[in-house]
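Engineer: This is the structure, below, for whatever I ask next.
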Amino acid sequence: CPRDAMQGFSNFIPTQVKVDYLNLLLKIGFDTIDFGSFVSSKAIPQMADTKEVISQLDLSDTNTKLLAIIANVRGAEDAATFSEIKYLGFPFSISETFQLRNTNSTIEQSLSTVEEIQNICHANDKDLVLYISMAFGNPYGDPWNIVEVGGWIERMSKMDIKIISLADTVGVSNPENISYLFSQLIPQFPNIEFGAHMHTTPDSWEEKVEAAYNNGCKRFDGAIKGLGGCPMAKDELVGNMPTENMIDYFVNQGLQLGLDQEAFNEALSKSNSVFV
């Protein structure tokens, strides 16, 4: 998720630097790269050049699919015009407070937006990746429990949404609630591919990955060096799940990831000059 790493970075990363970095990531063999977003440039100025970036990506020798984040119907319509993009990602919060802050709409309004975006995806050969923000709890006192999470996923399932990622937006997940959610939801919704988009402190990443993996999750989001994360976490140590840590973890589990380690090392080194 280089987009997640970049979007909150204070210094604007030049377009060519983004392009060179993303082209390195495309050589590694990841299933999907969350590369940019179609949102207001006033809200996320770092992503204002997404259209310029996509025109310069080298997709000639990669099976990696591109995902772009959108926050409303207009963004979905814009992103859907690009044949290079396979996935549109939409953050749907089950915390009313956060949904209003993040997309300036209520949960019910956002549910209507999800339906419209799903129709746009179907019409343009795209797939919707729905992120359940605040899936593991929230700091606002809004209702949260397994029934709350499952109820919203049930409604998404009826819209034929196939990929849902549980997002630990402010780093409040722990092995217990991670295990509980995935162990309950994956059997309940066998037609949905569940993912984990977790934010973490440096000392808690492994227990979170282990809890999700041991309870059936096979789709994991990460960012090199754990850069980025939600600025609302109010903890500078809470960042994205470090990609390099997850690679080491899964390799140690005996999994064949099919990644080009040399290309990954090059991208890892390149990140030092991207985020400066």
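Every chain in the structure tokens has a letter given in the order shown (A, B, ...), and although residue numbers restart at 1 in each chain, ligands are simply numbered from 1 in the order shown.
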Do you know which residues are at most 8 Å from Tyr131 (chain A) counting only C-alpha atoms, after dropping those on the same chain fewer than 5 positions away, and could you put them as a ChimeraX atom specification?
Structural biologist: /A:89-93,164-167
Engineer: Per residue of region 184-209 of chain A within 12 Å of region 126-129 of chain A, which atom pair is closest and at what distance in Å (one decimal), using only C-alpha atoms, listed by chain and increasing number, as CSV?
Structural biologist:
residue,atom,partner,partner_atom,distance
A:Ile192,CA,A:Val129,CA,10.5
A:Glu193,CA,A:Val129,CA,9.6
A:Phe194,CA,A:Val129,CA,9.8
A:Gly195,CA,A:Val129,CA,9.5
A:Ala196,CA,A:Val129,CA,11.8
A:His197,CA,A:Val129,CA,11.7
Engineer: Find, counting only C-alpha atoms, the residue in A:Gln253, A:Thr50, A:Thr201, A:Asn138 that gets nearest to Ile85 (chain A).
Structural biologist: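 Among the listed residues, the smallest separation from Ile85 (chain A) belongs to A:Thr50.
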Engineer: Run DSSP on the backbone and grab whatever in region 65-271 of chain A lands in helix (DSSP H, G or I); send it over as a VMD selection string.
Structural biologist: chain A and resid 73 to 79 96 to 103 107 to 123 146 to 157 175 to 188 205 to 214 224 to 226 231 to 233 243 to 252 261 to 271
Engineer: What is the distance between CA of Ile132 (chain A) and CA of Ile94 (chain A), in Å to one decimal?
Structural biologist: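 Separation between CA of Ile132 (chain A) and CA of Ile94 (chain A): 6.8 Å.
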Engineer: Can you build me a table of region 162-204 of chain A residues sitting at most 10 Å from region 236-251 of chain A, with the closest atom pair per residue and its distance in Å to one decimal, using only C-alpha atoms, sorted by chain and residue number, as a Markdown table?
Structural biologist:
| residue | atom | partner | partner_atom | distance |
| --- | --- | --- | --- | --- |
| A:Asp168 | CA | A:Asn240 | CA | 9.6 |
| A:Thr169 | CA | A:Asn240 | CA | 9.6 |
| A:Val170 | CA | A:Val238 | CA | 7.6 |
| A:Gly171 | CA | A:Val238 | CA | 6.4 |
| A:Val172 | CA | A:Val238 | CA | 9.7 |
| A:Ala196 | CA | A:Met241 | CA | 9.7 |
| A:His197 | CA | A:Met241 | CA | 7.7 |
| A:Met198 | CA | A:Met241 | CA | 6.0 |
| A:His199 | CA | A:Asn240 | CA | 4.5 |
| A:Thr200 | CA | A:Val238 | CA | 5.0 |
| A:Thr201 | CA | A:Val238 | CA | 4.7 |
| A:Pro202 | CA | A:Leu237 | CA | 7.1 |
| A:Asp203 | CA | A:Leu237 | CA | 9.7 |
| A:Ser204 | CA | A:Met241 | CA | 9.7 |
Engineer: Assign secondary structure with DSSP using the backbone only, and return the residues of region 175-215 of chain A in strand (DSSP E or B) as a list in words.
Structural biologist: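 In region 175-215 of chain A, DSSP puts these residues in strand (DSSP E or B): Glu193, Phe194, Gly195, Ala196, His197, Met198, His199 and Thr200 of chain A.
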Engineer: If you keep N, CA, C and O atoms, can you produce a file of those selected residues as a PDB file, in the first residue's frame?
Structural biologist:
ATOM      1  N   GLU A 193     -13.849 -12.761   0.166  1.00  0.00           N
ATOM      2  CA  GLU A 193     -12.424 -12.829   0.492  1.00  0.00           C
ATOM      3  C   GLU A 193     -12.146 -11.743   1.537  1.00  0.00           C
ATOM      4  O   GLU A 193     -12.260 -10.562   1.248  1.00  0.00           O
ATOM      5  N   PHE A 194     -11.798 -12.173   2.726  1.00  0.00           N
ATOM      6  CA  PHE A 194     -11.529 -11.217   3.807  1.00  0.00           C
ATOM      7  C   PHE A 194     -10.047 -10.865   3.849  1.00  0.00           C
ATOM      8  O   PHE A 194      -9.184 -11.729   3.674  1.00  0.00           O
ATOM      9  N   GLY A 195      -9.780  -9.594   4.087  1.00  0.00           N
ATOM     10  CA  GLY A 195      -8.408  -9.133   4.208  1.00  0.00           C
ATOM     11  C   GLY A 195      -8.193  -8.443   5.534  1.00  0.00           C
ATOM     12  O   GLY A 195      -9.138  -8.137   6.272  1.00  0.00           O
ATOM     13  N   ALA A 196      -6.922  -8.191   5.845  1.00  0.00           N
ATOM     14  CA  ALA A 196      -6.544  -7.494   7.069  1.00  0.00           C
ATOM     15  C   ALA A 196      -5.711  -6.271   6.710  1.00  0.00           C
ATOM     16  O   ALA A 196      -4.639  -6.403   6.108  1.00  0.00           O
ATOM     17  N   HIS A 197      -6.233  -5.100   7.050  1.00  0.00           N
ATOM     18  CA  HIS A 197      -5.479  -3.854   6.875  1.00  0.00           C
ATOM     19  C   HIS A 197      -5.250  -3.313   8.280  1.00  0.00           C
ATOM     20  O   HIS A 197      -6.066  -2.582   8.820  1.00  0.00           O
ATOM     21  N   MET A 198      -4.121  -3.723   8.854  1.00  0.00           N
ATOM     22  CA  MET A 198      -3.890  -3.433  10.266  1.00  0.00           C
ATOM     23  C   MET A 198      -2.795  -2.394  10.460  1.00  0.00           C
ATOM     24  O   MET A 198      -1.782  -2.398   9.756  1.00  0.00           O
ATOM     25  N   HIS A 199      -3.025  -1.511  11.401  1.00  0.00           N
ATOM     26  CA  HIS A 199      -2.008  -0.561  11.832  1.00  0.00           C
ATOM     27  C   HIS A 199      -1.458  -1.060  13.164  1.00  0.00           C
ATOM     28  O   HIS A 199      -2.176  -1.680  13.953  1.00  0.00           O
ATOM     29  N   THR A 200      -0.178  -0.790  13.386  1.00  0.00           N
ATOM     30  CA  THR A 200       0.466  -1.456  14.509  1.00  0.00           C
ATOM     31  C   THR A 200       1.646  -0.664  15.046  1.00  0.00           C
ATOM     32  O   THR A 200       2.217   0.174  14.340  1.00  0.00           O
TER      33      THR A 200
END
Engineer: Just to confirm, what's the straight-line distance from CA of Ser37 (chain A) to CA of Arg74 (chain A) in Å (one decimal)?
Structural biologist: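 CA of Ser37 (chain A) sits 12.1 Å away from CA of Arg74 (chain A).
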Engineer: Excluding region 154-162 of chain A and its own-chain neighbours fewer than 3 positions away, which residues fall within 10 Å of it when counting only C-alpha atoms? Please give them as JSON, numbers by chain.
Structural biologist: {"A": [111, 114, 115, 118, 119, 127, 128, 129, 130, 149, 150, 151, 185, 188, 189, 190, 191, 192, 193, 194]}
Engineer: Residues at most 10 Å from region 141-147 of chain A, counting only C-alpha atoms, excluding those fewer than 3 positions away in the same chain, as a list of chain:residue names?
Structural biologist: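 Residues meeting the cut-off are A:Ile94, A:Ser95, A:Glu96, A:Thr97, A:Phe98, A:Met134, A:Ala135, A:Phe136, A:Gly137, A:Asn138, A:Gly150, A:Gly151, A:Trp152, A:Ile153, A:Asn177, A:Tyr180, A:Leu181, A:Gln184, A:Leu185.
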Engineer: Considering only C-alpha atoms, return as a ChimeraX atom specification whatever protein or nucleic-acid residues lie within 7 Å of Ala212 (chain A), sequence-local ones (same chain, fewer than 3 positions apart) excluded.
Structural biologist: /A:178-179,182,208-209,215-217
Engineer: Keeping only C-alpha atoms, write those residues as an mmCIF file, in the first residue's frame.
Structural biologist:
data_model
loop_
_atom_site.group_PDB
_atom_site.id
_atom_site.type_symbol
_atom_site.label_atom_id
_atom_site.label_comp_id
_atom_site.auth_asym_id
_atom_site.auth_seq_id
_atom_site.Cartn_x
_atom_site.Cartn_y
_atom_site.Cartn_z
ATOM 1 C CA ILE A 178 -8.559 -10.231 15.560
ATOM 2 C CA SER A 179 -8.963 -13.972 16.190
ATOM 3 C CA PHE A 182 -11.870 -13.646 11.464
ATOM 4 C CA LYS A 208 -1.556 -9.374 14.906
ATOM 5 C CA VAL A 209 -0.459 -11.082 11.687
ATOM 6 C CA ASN A 215 -7.891 -17.766 11.811
ATOM 7 C CA GLY A 216 -8.143 -17.995 8.048
ATOM 8 C CA CYS A 217 -7.100 -14.609 6.661
#
Engineer: Quick check, in Å to one decimal: how far apart do CA of Phe275 (chain A) and CA of Arg101 (chain A) lie?
Structural biologist: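 Atom-to-atom, CA of Phe275 (chain A) and CA of Arg101 (chain A) are spaced 26.5 Å apart.
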Engineer: Leaving out Pro45 (chain A) and any residue of its chain fewer than 3 positions from it, which residues lie within 8 Å of it when counting only C-alpha atoms, given as an NGL selection string?
Structural biologist: :A and (7 or 12 or 40-42 or 48)
Engineer: Let me make sure I understand: among A:Thr32, A:Ser269, A:Asn104, A:Thr81, which one has the smallest atom-to-atom distance to Asn63 (chain A) if we use only C-alpha atoms?
Structural biologist: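 Among A:Thr32, A:Ser269, A:Asn104, A:Thr81, it is A:Thr32 that comes nearest to Asn63 (chain A).
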Engineer: Residues within 10 Å of Glu262 (chain A), please, as an NGL selection string. Count only C-alpha atoms; anything in the same chain fewer than 4 positions from it doesn't count.
Structural biologist: :A and (27-28 or 266-268)
